[in-house]
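What follows is one structure encoded as structure tokens, with my remarks underneath.
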Amino acid sequence: MERYQVKLESFEGPLDLLLHLVQQAEVDLYDIPVAEITAQYMTYIHAMQQLELDVASEYLVMASSLLAIKSKMLLPTPELANEDEEWEEWEEEDPREELAMQLDLYRKYKEAANFLQEQSEHREKRYSKSPTDLEQYKDYAEVQEVDEDVDATVTDLIQAFQKMKQRVRMRSPKHTTVEQERHSIEERMTVITNVLADHHAPVSFQQAFAIGEIDRQVTTFIALLQLVKDGDVSCEQEGNFEDIWIQAKGMSVHA
Amino acid sequence: MHEELTGIIETLLYVSGDEGIDVARIATVLELEEDKVSRELERLKEEYEEKGYTLQLMKFGSVYTLTTRPKYASYIERYAKPPERSTLSQAALESLAIVAYRQPVTRSDVEEIRGVNADRALSTLVSKGLVEESGRAKGVGRAILYVTTERFLDVFELESLQHLPSIEEDKEQEVEQMDLFLSNYKDLQGDDE
Amino acid sequence: MHEELTGIIETLLYVSGDEGIDVARIATVLELEEDKVSRELERLKEEYEEKGYTLQLMKFGSVYTLTTRPKYASYIERYAKPPERSTLSQAALESLAIVAYRQPVTRSDVEEIRGVNADRALSTLVSKGLVEESGRAKGVGRAILYVTTERFLDVFELESLQHLPSIEEDKEQEVEQMDLFLSNYKDLQGDDE
């Protein structure tokens, strides 16, 4: 039984397994030695069964077709002629033909699948920039109209999502925590006190400091809290989420 | 206007990045014949090749996109964070090949060729935006028909479906396929009325 | 290396788009002197001017960015204007997909996934009635939560959110099954020897 040993490989189904056996035997797809291939096929099925794996029903269906073909081949063909001409006249359909065509067709798509695989690997080496945010070019009033029809499908939605996932990232999302160090709290404290020194009226946090990258805003806010704690500035806020008004308390030179 | 048109098109190509620009949309925006826009894009595409510009102008379906050249991939990957690649299983790739060559196809068409259930492979392909449903087949059961999407061309670097290499199917099957297509087409036309 | 360096730099400039590239980061990645990178960028910048390329190379601090030229701004405006039949921009579609699949989400959830600002895209979606606010997240900041609307289901012809095709990766499962088979098979082979 050793010579029937199946190469350790994953198969995509009975046709894939069969194709593998035929190619391994190096025989013509349209002239398969059915008895031999069937035996090898059955060995594989038995191996799967011994492993107590669920043998997919498709494998069993193929097994029975193979056995059927094998027995048809064993039936004596009446008047099997030696001459080609006569053979053609008498020819009944080769019991293997349908299977051979099926295998041939499957083989072609398997090759096409390989082609696609290679193409995608090549495509993955190409990158493009993210689209520029064009919203800034739009008239906001136009965008506001709710009633207009939206022409998009679920496929558009999925395609957009998948495209986004394959984009190269200039800054990874987690990056912000690292970059935070670029704006030290001390530095931001100095900036705040300098700005306040230039103004005699309270300064709006929103307008003066809530600009730039989010990590900078956070650092600025922490710096502000530190200044409040130190008693260098005073803050007023009318309610949750309202703007914060900041004012220097007496002399506060951090330079 | 020639030089001007080139400039406008290159500007819009840059702005739209990986979304690319669609010939029809450009024609509408610029109030030009689609033909003229197409010709200019094709001319530009060749110019980028001939002059060996750093970037390449690629066509995927009706969309043109500027991309970097493969030889620079490693520098980009060192500079920025490349995306996580999700590879398609062999089952999905084989099913995709069948959809691509024989579209529109039903699930059972795919199953017949591969000899195994294609349920899962097809839903993976739909979820990757490579295949979409496109109406239903005529006859009993009115099975869902599947076709490839625009994204399919992009992911597999194909200008069009005609750029798929020939796999020389039997004539008989081609005829059969054509019949199926025509009958579906008629059916669709019928539905519209 | 000169020509090569030009190609690499132009490639990185294109891919980084509106973010631009930082001289120091390029120098680190390419293992070159910052000076050399700076000089090449300055040379390129001049070349873009002299040869009147469509795009221009601008310097902001230590960051260089490719930008469009002001004379083409009106075309970008026309291009940005939504066409009669209102399609959604790539940015809006991406954000919408994230809201649809992950809802409820905050703006920063969307930004984290997209890697870019999502402010405008979300407000477009809200104004189109596809997404709406739905309370606030717990915890610091109590960020606004976004969910999809009934109109979203309507526009995308979905009976319910459960009818959205899955976009989560499921290849794991497929692989798992095969691995199980192979490892069992190997074991068996081993036992026989």
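Letters for chains follow the order of the structure tokens (A, B, ...), residue numbers begin at 1 for each chain, and ligand numbers begin at 1 in the order shown.
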
Residues of chain C that have any atom at most 8 Å from an atom of chain A: could you tabulate them with the shortest-distance atom pair and the distance in Å to one decimal, using only C-alpha atoms, ordered by chain and increasing number, as a tab-separated table?
```
residue	atom	partner	partner_atom	distance
C:Tyr14	CA	A:Lys129	CA	6.1
C:Val15	CA	A:Lys129	CA	4.3
C:Ser16	CA	A:Lys129	CA	6.0
C:Gly17	CA	A:Lys129	CA	5.4
C:Asp18	CA	A:Thr132	CA	6.9
C:Glu19	CA	A:Met170	CA	7.6
C:Ile76	CA	A:Tyr137	CA	7.4
C:Glu77	CA	A:Tyr137	CA	5.3
C:Ala80	CA	A:Leu134	CA	5.7
C:Lys81	CA	A:Lys138	CA	6.0
C:Arg85	CA	A:Asp151	CA	6.4
C:Ser86	CA	A:Val150	CA	5.1
C:Thr87	CA	A:Asp151	CA	5.1
C:Leu88	CA	A:Ala152	CA	7.0
C:Gln90	CA	A:Ala160	CA	6.1
C:Ala91	CA	A:Asp133	CA	7.3
C:Leu93	CA	A:Leu157	CA	5.6
C:Glu94	CA	A:Phe161	CA	5.1
C:Leu96	CA	A:Leu157	CA	7.4
C:Ala97	CA	A:Leu157	CA	5.7
C:Ile98	CA	A:Phe161	CA	7.5
C:Glu112	CA	A:Pro173	CA	5.2
C:Ile113	CA	A:Pro173	CA	7.5
C:Arg114	CA	A:Met164	CA	6.9
C:Gly115	CA	A:Pro173	CA	5.9
C:Arg120	CA	A:Glu135	CA	6.5
C:Ala121	CA	A:Glu135	CA	7.6
C:Thr124	CA	A:Val143	CA	6.5
C:Ser127	CA	A:Gln144	CA	5.2
C:Lys128	CA	A:Val146	CA	4.7
C:Gly129	CA	A:Val146	CA	6.1
C:Val155	CA	A:Val150	CA	6.7
C:Phe156	CA	A:Thr153	CA	5.4
C:Glu157	CA	A:Thr153	CA	7.9
C:Leu164	CA	A:Val154	CA	7.6
C:Ile167	CA	A:Ile158	CA	7.4
C:Met178	CA	A:Ser10	CA	7.1
C:Phe181	CA	A:Leu53	CA	7.5
C:Leu182	CA	A:Leu8	CA	7.6
C:Asn184	CA	A:Leu51	CA	7.0
C:Tyr185	CA	A:Leu51	CA	7.2
C:Leu188	CA	A:Leu51	CA	7.9
```

Mind dumping a table of every chain C residue within 9 Å of chain B, with the nearest atom pair and its distance in Å to one decimal, using only C-alpha atoms, sorted by chain and rising number, as CSV?
```
residue,atom,partner,partner_atom,distance
C:Thr6,CA,B:Thr54,CA,8.3
C:Gly7,CA,B:Thr54,CA,5.4
C:Ile8,CA,B:Tyr72,CA,6.5
C:Glu10,CA,B:Thr54,CA,6.7
C:Thr11,CA,B:Thr68,CA,6.0
C:Leu12,CA,B:Ile76,CA,6.4
C:Tyr14,CA,B:Thr68,CA,7.9
C:Val15,CA,B:Thr68,CA,7.7
C:Ser16,CA,B:Ala80,CA,8.5
C:Gly17,CA,B:Gly17,CA,8.3
C:Arg25,CA,B:Tyr79,CA,7.6
C:Ile26,CA,B:Tyr79,CA,7.1
C:Thr28,CA,B:Tyr79,CA,8.9
C:Val29,CA,B:Tyr79,CA,6.0
C:Leu30,CA,B:Tyr75,CA,7.8
C:Tyr53,CA,B:Gly7,CA,8.3
C:Thr54,CA,B:Gly7,CA,5.3
C:Leu55,CA,B:Thr11,CA,6.9
C:Thr67,CA,B:Tyr14,CA,8.6
C:Thr68,CA,B:Thr11,CA,6.1
C:Arg69,CA,B:Thr11,CA,8.1
C:Tyr72,CA,B:Ile8,CA,6.4
C:Tyr75,CA,B:Ile8,CA,7.0
C:Ile76,CA,B:Leu12,CA,6.7
C:Arg78,CA,B:Val29,CA,6.2
C:Tyr79,CA,B:Val29,CA,5.9
C:Lys81,CA,B:Val29,CA,8.9
C:Pro83,CA,B:Arg25,CA,8.4
C:Ser89,CA,B:Glu19,CA,9.0
C:Gln90,CA,B:Glu19,CA,6.7
C:Pro165,CA,B:Ser127,CA,6.1
C:Ser166,CA,B:Ser127,CA,5.7
C:Ile167,CA,B:Ser127,CA,4.7
C:Glu168,CA,B:Ser127,CA,7.7
C:Glu169,CA,B:Ser86,CA,8.2
C:Asp170,CA,B:Thr124,CA,7.8
C:Lys171,CA,B:Ser89,CA,7.1
C:Glu174,CA,B:Ser89,CA,8.2
C:Val175,CA,B:Ser89,CA,8.5
```

Check chain C with DSSP on the backbone and list each residue it calls helix (DSSP H, G or I), as a ChimeraX atom specification.
-> /C:2-19,23-30,34-50,70-80,90-102,107-114,119-127,150-155,161-163,171-192

List every residue of range 68-141 of chain B that DSSP, applied to the backbone, labels as strand (DSSP E or B), and write the result as a ChimeraX atom specification.
-> /B:81,105,131-136

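What separates CA of Val203 in chain A from CA of Lys138 in chain C is a distance of 29.5 Å.
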
CA of Thr220 in chain A sits from CA of Thr190 in chain A at a separation of 10.1 Å
